[in-house]
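This is my_file-v3.cif. It holds mmCIF, C-alpha atoms.
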data_coords
#
loop_
_atom_site.label_atom_id
_atom_site.label_comp_id
_atom_site.auth_asym_id
_atom_site.auth_seq_id
_atom_site.Cartn_x
_atom_site.Cartn_y
_atom_site.Cartn_z
CA ALA A 1 -16.36 7.24 -23.28
CA ALA A 2 -15.99 5.65 -19.85
CA ASP A 3 -13.78 2.92 -21.29
CA ALA A 4 -11.53 5.52 -22.90
CA VAL A 5 -11.26 7.40 -19.60
CA ASN A 6 -10.36 4.21 -17.72
CA THR A 7 -7.80 3.28 -20.36
CA GLY A 8 -6.19 6.69 -20.10
CA ALA A 9 -6.13 6.50 -16.31
CA ARG A 10 -4.47 3.09 -16.40
CA ARG A 11 -1.91 4.36 -18.92
CA GLY A 12 -1.14 7.39 -16.77
CA PHE A 13 -0.80 5.27 -13.66
CA ARG A 14 1.65 2.96 -15.43
CA ILE A 15 3.72 5.98 -16.44
CA LEU A 16 3.78 7.25 -12.84
CA ARG A 17 4.96 3.87 -11.53
CA ASP A 18 7.46 3.29 -14.32
CA THR A 19 10.84 2.04 -13.08
CA CYS A 20 12.67 4.00 -15.83
CA LYS A 21 14.70 0.96 -16.83
CA GLU A 22 15.60 1.16 -20.49
CA LYS A 23 15.57 -2.61 -21.03
CA ALA A 24 12.39 -3.23 -19.06
CA GLU A 25 9.55 -4.89 -20.91
CA GLY A 26 6.95 -2.42 -22.15
CA ASN A 27 8.97 0.65 -21.12
CA THR A 28 8.23 3.35 -23.68
CA SER A 29 8.67 6.47 -21.50
CA SER A 30 10.80 9.15 -23.10
CA ASN A 31 13.13 11.47 -21.24
CA ASP A 32 10.59 14.28 -21.52
CA THR A 33 7.93 12.09 -19.91
CA ILE A 34 10.30 11.09 -17.10
CA LEU A 35 11.10 14.75 -16.46
CA ARG A 36 7.40 15.72 -16.43
CA VAL A 37 6.63 13.01 -13.88
CA ALA A 38 9.61 14.14 -11.79
CA LYS A 39 8.32 17.73 -11.76
CA PHE A 40 4.83 16.48 -10.82
CA ALA A 41 6.29 14.42 -7.97
CA ALA A 42 8.30 17.43 -6.76
CA LYS A 43 5.17 19.61 -6.66
CA PHE A 44 3.29 16.78 -4.97
CA TRP A 45 5.93 16.45 -2.25
CA ARG A 46 6.20 20.19 -1.71
CA THR A 47 2.43 20.34 -1.30
CA ILE A 48 2.60 17.60 1.36
CA ASN A 49 5.30 19.59 3.18
CA GLY A 50 3.00 22.61 3.34
CA GLU A 51 4.84 24.74 0.80
CA GLN A 52 3.11 27.12 -1.58
CA VAL A 53 3.59 25.49 -4.99
CA GLY A 54 1.93 28.26 -7.00
CA PRO A 55 2.67 31.97 -6.82
CA ALA A 56 2.68 33.08 -3.19
CA SER A 57 0.51 35.94 -1.98
CA ALA A 58 0.09 37.91 1.21
CA LEU A 59 -3.19 36.10 1.92
CA ARG A 60 -1.74 32.61 1.44
CA PRO A 61 2.03 32.62 2.07
CA VAL A 62 2.08 28.86 2.76
CA GLY A 63 0.45 25.82 1.21
CA VAL A 64 -2.88 24.27 2.12
CA CYS A 65 -1.30 21.28 3.92
CA ALA A 66 0.38 23.62 6.42
CA HIS A 67 -2.97 23.93 8.25
CA ASP A 68 -4.82 20.75 7.13
CA GLY A 69 -3.47 17.62 8.79
CA HIS A 70 -6.17 15.35 7.34
CA LEU A 71 -5.35 16.37 3.78
CA ARG A 72 -1.65 15.94 4.45
CA CYS A 73 -2.15 12.38 5.74
CA ALA A 74 -4.35 11.57 2.73
CA LEU A 75 -1.72 12.87 0.30
CA VAL A 76 1.04 10.93 2.09
CA SER A 77 -1.05 7.76 1.75
CA LEU A 78 -1.57 8.50 -1.93
CA TRP A 79 2.17 9.07 -2.39
CA GLN A 80 3.00 5.75 -0.73
CA TRP A 81 0.40 3.99 -2.86
CA ILE A 82 1.79 5.38 -6.12
CA TRP A 83 5.47 5.05 -5.13
CA PRO A 84 5.80 2.39 -2.39
CA LYS A 85 9.62 2.54 -2.39
CA HIS A 86 11.00 5.33 -4.56
CA CYS A 87 9.90 7.70 -7.28
CA TYR A 88 12.27 6.47 -9.95
CA GLN A 89 11.58 9.46 -12.18
CA VAL A 90 12.93 11.80 -9.51
CA MET A 91 16.00 9.60 -9.06
CA ARG A 92 16.53 9.51 -12.83
CA ALA A 93 16.17 13.29 -13.11
CA ALA A 94 18.56 13.75 -10.19
CA SER A 95 21.18 11.78 -12.12
CA TRP A 96 20.83 14.35 -14.96
CA TYR A 97 20.89 17.29 -12.56
CA GLN A 98 24.66 17.79 -12.49
CA MET A 99 24.87 17.16 -16.22
CA TYR A 100 22.73 20.21 -17.07
CA GLU A 101 23.51 22.37 -14.03
CA GLY A 102 24.98 25.71 -15.14
CA THR A 103 23.84 25.32 -18.74
CA MET A 104 21.09 27.12 -20.65
CA LYS A 105 18.96 23.97 -20.74
CA PHE A 106 18.82 23.76 -16.96
CA HIS A 107 15.89 26.17 -16.65
CA SER A 108 14.38 25.52 -20.09
CA LEU A 109 13.98 21.81 -19.33
CA GLY A 110 12.64 22.53 -15.85
CA PHE A 111 15.38 21.01 -13.71
CA ASP A 112 14.97 23.89 -11.27
CA GLN A 113 11.52 22.43 -10.43
CA VAL A 114 12.81 18.94 -9.60
CA MET A 115 13.79 17.89 -6.10
CA ALA A 116 17.52 17.47 -5.59
CA SER A 117 19.56 16.42 -2.59
CA THR A 118 23.23 16.76 -1.81
CA PRO A 119 25.39 13.90 -0.48
CA GLU A 120 25.48 15.68 2.90
CA GLU A 121 21.67 15.74 3.05
CA ARG A 122 21.44 12.06 2.13
CA GLU A 123 23.97 11.17 4.82
CA ALA A 124 22.06 13.25 7.38
CA CYS A 125 18.81 11.50 6.43
CA LYS A 126 20.47 8.12 6.80
CA VAL A 127 21.74 8.98 10.28
CA GLU A 128 18.32 10.32 11.25
CA ASP A 129 16.60 7.18 9.98
CA ASP A 130 19.00 4.99 11.93
CA VAL A 131 18.39 6.94 15.12
CA ILE A 132 14.63 7.39 14.86
CA LEU A 133 13.40 4.44 12.80
CA ALA A 134 15.62 1.67 14.19
CA PRO A 135 13.73 1.42 17.54
CA LEU A 136 10.42 1.55 15.66
CA VAL A 137 11.52 -1.30 13.36
CA LEU A 138 12.47 -3.39 16.38
CA LEU A 139 9.10 -2.69 17.99
CA VAL A 140 7.17 -3.63 14.83
CA ASN A 141 9.17 -6.84 14.36
CA ALA A 142 8.58 -7.80 17.99
CA GLU A 143 4.83 -7.22 17.61
CA ILE A 144 4.74 -9.28 14.39
CA ASP A 145 6.52 -12.16 16.17
CA ARG A 146 4.08 -11.87 19.05
CA GLN A 147 1.07 -12.09 16.76
CA LYS A 148 2.58 -15.10 14.95
CA TRP A 149 3.12 -16.78 18.32
CA ARG A 150 -0.49 -16.09 19.34
CA GLY A 151 -1.74 -17.60 16.09
CA GLU A 152 0.41 -20.72 16.57
CA MET A 153 -0.79 -21.13 20.15
CA ALA A 154 -4.43 -20.78 19.06
CA ALA A 155 -3.95 -23.44 16.40
CA LYS A 156 -2.28 -25.77 18.91
CA ALA A 157 -5.07 -25.19 21.44
CA TYR A 158 -7.70 -26.22 18.89
CA GLU A 159 -5.60 -29.24 17.90
CA TYR A 160 -5.36 -30.38 21.55
CA PHE A 161 -9.10 -29.77 21.99
CA LEU A 162 -9.91 -32.08 19.07
CA ARG A 163 -7.43 -34.68 20.30
CA GLU A 164 -8.96 -34.81 23.79
CA LYS A 165 -12.53 -34.86 22.36
CA LYS A 166 -13.99 -32.66 25.06
CA PRO A 167 -17.69 -31.79 24.94
CA PRO A 168 -18.39 -28.39 23.37
CA ALA A 169 -18.63 -25.53 25.83
CA GLU A 170 -20.69 -22.37 25.60
CA ILE A 171 -17.70 -20.08 26.16
CA GLY A 172 -13.95 -20.53 26.21
CA GLN A 173 -13.89 -23.24 23.56
CA PRO A 174 -10.87 -23.08 21.20
CA LEU A 175 -11.83 -22.30 17.61
CA PRO A 176 -10.01 -23.18 14.38
CA ILE A 177 -7.80 -20.66 12.62
CA VAL A 178 -9.52 -19.05 9.64
CA LYS A 179 -7.90 -18.77 6.23
CA ARG A 180 -7.25 -15.57 4.34
CA ASP A 181 -9.78 -16.07 1.57
CA THR A 182 -10.95 -13.53 -0.99
CA ALA A 183 -13.33 -11.80 1.44
CA TRP A 184 -10.52 -11.48 4.00
CA LYS A 185 -8.11 -9.95 1.49
CA LEU A 186 -10.77 -7.39 0.47
CA GLY A 187 -11.14 -6.25 4.08
CA GLY A 188 -14.25 -8.24 5.07
CA TRP A 189 -12.60 -9.90 8.09
CA VAL A 190 -15.81 -10.33 10.10
CA ALA A 191 -17.76 -11.73 7.16
CA SER A 192 -14.90 -14.05 6.19
CA THR A 193 -14.58 -15.38 9.75
CA ALA A 194 -18.36 -15.86 10.09
CA GLN A 195 -18.62 -17.72 6.77
CA GLN A 196 -15.71 -20.04 7.53
CA ARG A 197 -16.89 -20.75 11.07
CA ARG A 198 -20.41 -21.45 9.83
CA ALA A 199 -19.10 -23.80 7.12
CA MET A 200 -17.13 -25.74 9.75
CA GLY A 201 -20.02 -25.67 12.23
CA ALA A 202 -17.80 -23.97 14.80
CA ASP A 203 -20.07 -21.02 15.54
CA GLY A 204 -22.77 -22.98 17.37
CA GLY A 205 -25.15 -22.98 14.39
CA SER A 206 -25.93 -25.59 11.79
CA ALA A 207 -23.60 -26.05 8.84
CA VAL A 208 -25.76 -26.44 5.74
CA THR A 209 -23.99 -28.27 2.93
CA LYS A 210 -26.89 -29.54 0.82
CA ILE A 211 -30.30 -28.08 0.00
CA ARG A 212 -33.17 -30.26 -1.20
CA LEU A 213 -35.72 -28.64 -3.44
CA MET A 214 -39.31 -29.92 -3.08
CA VAL A 215 -41.64 -29.26 -6.01
CA LYS A 216 -45.04 -30.57 -7.03
CA ASN A 217 -45.85 -32.17 -10.32
CA SER A 218 -49.03 -31.80 -12.30
CA SER A 219 -50.82 -34.43 -10.21
CA GLY A 220 -50.06 -32.62 -6.98
CA ALA A 221 -47.54 -35.11 -5.63
CA GLU A 222 -44.27 -33.84 -4.16
CA VAL A 223 -41.08 -34.81 -5.98
#

Can you present the structure in this file as structure tokens?
Amino acid sequence: AADAVNTGARRGFRILRDTCKEKAEGNTSSNDTILRVAKFAAKFWRTINGEQVGPASALRPVGVCAHDGHLRCALVSLWQWIWPKHCYQVMRAASWYQMYEGTMKFHSLGFDQVMASTPEEREACKVEDDVILAPLVLLVNAEIDRQKWRGEMAAKAYEYFLREKKPPAEIGQPLPIVKRDTAWKLGGWVASTAQQRRAMGADGGSAVTKIRLMVKNSSGAEV
């Protein structure tokens, strides 16, 4: 039962992240499936924006995210994890929007529940992104370059330390740069650094590379 649940979850996740390319390998999503995912994404986004997705009432005129910042941040993180760049189903449904607009199938197929944007809105978003995000992009790029420079200087300092063969100091001694091993990629930065420094003997302890097992035979002598 658990295997069937996991298989279904993986299948559903692949459908959500489908690129909607007709010639893509393994793409079996029909137009109905693409439209269903687009409607789900529209409800998801409206929930993040604090809108009331279901029928509104006097007690709850707005959505739950309008007053819950933690939930809103969690849903935004989930959205970015599912669709890192774009929700291609919404983009595909938007390309059909004008085709069915004004026809009887517009409401029967559920196009009124899919997000749509006009060219004026897209142009306004582009201008807003250029004004607001451009300084942030410059700041992030500058910080990335700074961290790269710090890493290069740390590596050079350790290289010069080995070249000069100075005696080890208790504090202030340059240390080697650690590699991004499996533990590092899984988030265990402290454990990864400690393991690599211990293996190189750079943490002040003893680097154990071989273990000798001492056992006794039937006569009592150690082997």

### Between atom CA of Val137 of chain A and atom CA of Val178 of chain A - distance in Å to one decimal
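These two atoms are separated by 27.8 Å.
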
### Query
Do you know which residues the PyMOL selection byres ((chain A and resi 64) around 9) returns on this file, as a ChimeraX atom specification?
/A:47-48,50-52,60,62-63,65-68,71-72

#### Entry: Neighbour list for Ile34 of chain A as number ranges by chain, cut-off 9 Å, only C-alpha atoms, skip fewer than 3 positions in-chain
A: 15-16, 18, 20, 29-31, 37-39, 88-90, 92-93

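With all atoms listed in the file as the atoms that count, the minimum distance from Met153 of chain A to the choices A:Cys87, A:Ile177, A:Ala4, A:Leu138 is reached by A:Ile177.
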
### Query
Which is closer to Trp96 of chain A than all the others in A:Lys148, A:Gly69, A:Met115, A:Phe40, using only C-alpha atoms?
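Of the candidates, the smallest distance to Trp96 of chain A is held by A:Met115.
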
Padding of 6 Å on every side, edges along x, y and z, all listed atoms of segment 64-77 of chain A included: what centre and edge lengths in Å, to one decimal, does that box have, as lines of an AutoDock Vina configuration file?
center_x = -2.6
center_y = 16.0
center_z = 4.5
size_x = 19.2
size_y = 28.5
size_z = 20.5

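As for atom CA of Thr33 of chain A and atom CA of Leu109 of chain A, they are spaced 11.5 Å apart.
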
### Query
Expressed in Å to a single decimal, how great is the separation between atom CA of Arg180 of chain A and atom CA of Leu78 of chain A?
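That distance, rounded to one decimal, is 25.5 Å.
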
### Query
Closest to Gln195 of chain A among A:Leu139, A:Pro174, A:Arg146, A:Asp181, using only C-alpha atoms?
A:Asp181

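Of the residues under consideration (A:Ala74, A:Thr19, A:Met200, A:Gln113), A:Gln113 shows the shortest atom-to-atom contact distance to Val53 of chain A when counting all atoms listed in the file.
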
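For the residues A:Leu175, A:Leu75, A:Met91, A:Ala154, ranking by smallest atom-to-atom distance to Thr193 of chain A using all atoms listed in the file places A:Leu175 first.
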
### Query
Can you tell me, as number ranges by chain, what residues are no more than 12 Å from Ala191 of chain A when counting only C-alpha atoms, ignoring any on the same chain fewer than 5 positions away?
A: 178, 180-186, 196-198

### Message
Give me, as number ranges by chain, all polymer residues having an atom no more than 12 Å from Gln80 of chain A, counting all atoms listed in the file and skipping those fewer than 6 positions away in the same chain.
### Response
A: 17, 41, 44-45, 73-74, 86-87

Restore N, CA and C atoms in segment 78-96 of chain A and list the result as a compact mmCIF listing (two decimals), in the frame of the given file.
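Saved result, selection.txt, follows:
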# COMPACT_ATOMS: atom_id res chain seq x y z
N LEU A 78 -1.55 8.59 -0.48
CA LEU A 78 -1.57 8.50 -1.93
C LEU A 78 -0.17 8.39 -2.50
N TRP A 79 0.77 9.15 -1.94
CA TRP A 79 2.17 9.07 -2.39
C TRP A 79 2.71 7.65 -2.19
N GLN A 80 2.49 7.08 -1.01
CA GLN A 80 3.00 5.75 -0.73
C GLN A 80 2.32 4.69 -1.59
N TRP A 81 1.08 4.94 -1.99
CA TRP A 81 0.40 3.99 -2.86
C TRP A 81 0.95 4.04 -4.28
N ILE A 82 1.25 5.25 -4.76
CA ILE A 82 1.79 5.38 -6.12
C ILE A 82 3.24 4.92 -6.14
N TRP A 83 4.03 5.39 -5.18
CA TRP A 83 5.47 5.05 -5.13
C TRP A 83 5.77 4.38 -3.79
N PRO A 84 5.58 3.07 -3.69
CA PRO A 84 5.80 2.39 -2.39
C PRO A 84 7.24 2.50 -1.90
N LYS A 85 8.21 2.47 -2.80
CA LYS A 85 9.62 2.54 -2.39
C LYS A 85 10.25 3.87 -2.78
N HIS A 86 10.35 4.11 -4.08
CA HIS A 86 11.00 5.33 -4.56
C HIS A 86 10.25 5.83 -5.79
N CYS A 87 10.35 7.13 -6.01
CA CYS A 87 9.90 7.70 -7.28
C CYS A 87 11.10 7.67 -8.22
N TYR A 88 11.09 6.69 -9.10
CA TYR A 88 12.27 6.47 -9.95
C TYR A 88 12.48 7.62 -10.93
N GLN A 89 11.41 8.33 -11.28
CA GLN A 89 11.58 9.46 -12.18
C GLN A 89 12.39 10.57 -11.52
N VAL A 90 12.15 10.79 -10.22
CA VAL A 90 12.93 11.80 -9.51
C VAL A 90 14.39 11.37 -9.41
N MET A 91 14.62 10.10 -9.15
CA MET A 91 16.00 9.60 -9.06
C MET A 91 16.69 9.70 -10.42
N ARG A 92 15.94 9.41 -11.49
CA ARG A 92 16.53 9.51 -12.83
C ARG A 92 16.84 10.96 -13.18
N ALA A 93 15.92 11.88 -12.84
CA ALA A 93 16.17 13.29 -13.11
C ALA A 93 17.31 13.83 -12.26
N ALA A 94 17.45 13.31 -11.03
CA ALA A 94 18.56 13.75 -10.19
C ALA A 94 19.91 13.34 -10.78
N SER A 95 19.92 12.20 -11.49
CA SER A 95 21.18 11.78 -12.12
C SER A 95 21.54 12.69 -13.29
N TRP A 96 20.55 13.40 -13.88
CA TRP A 96 20.83 14.35 -14.96
C TRP A 96 21.10 15.75 -14.43
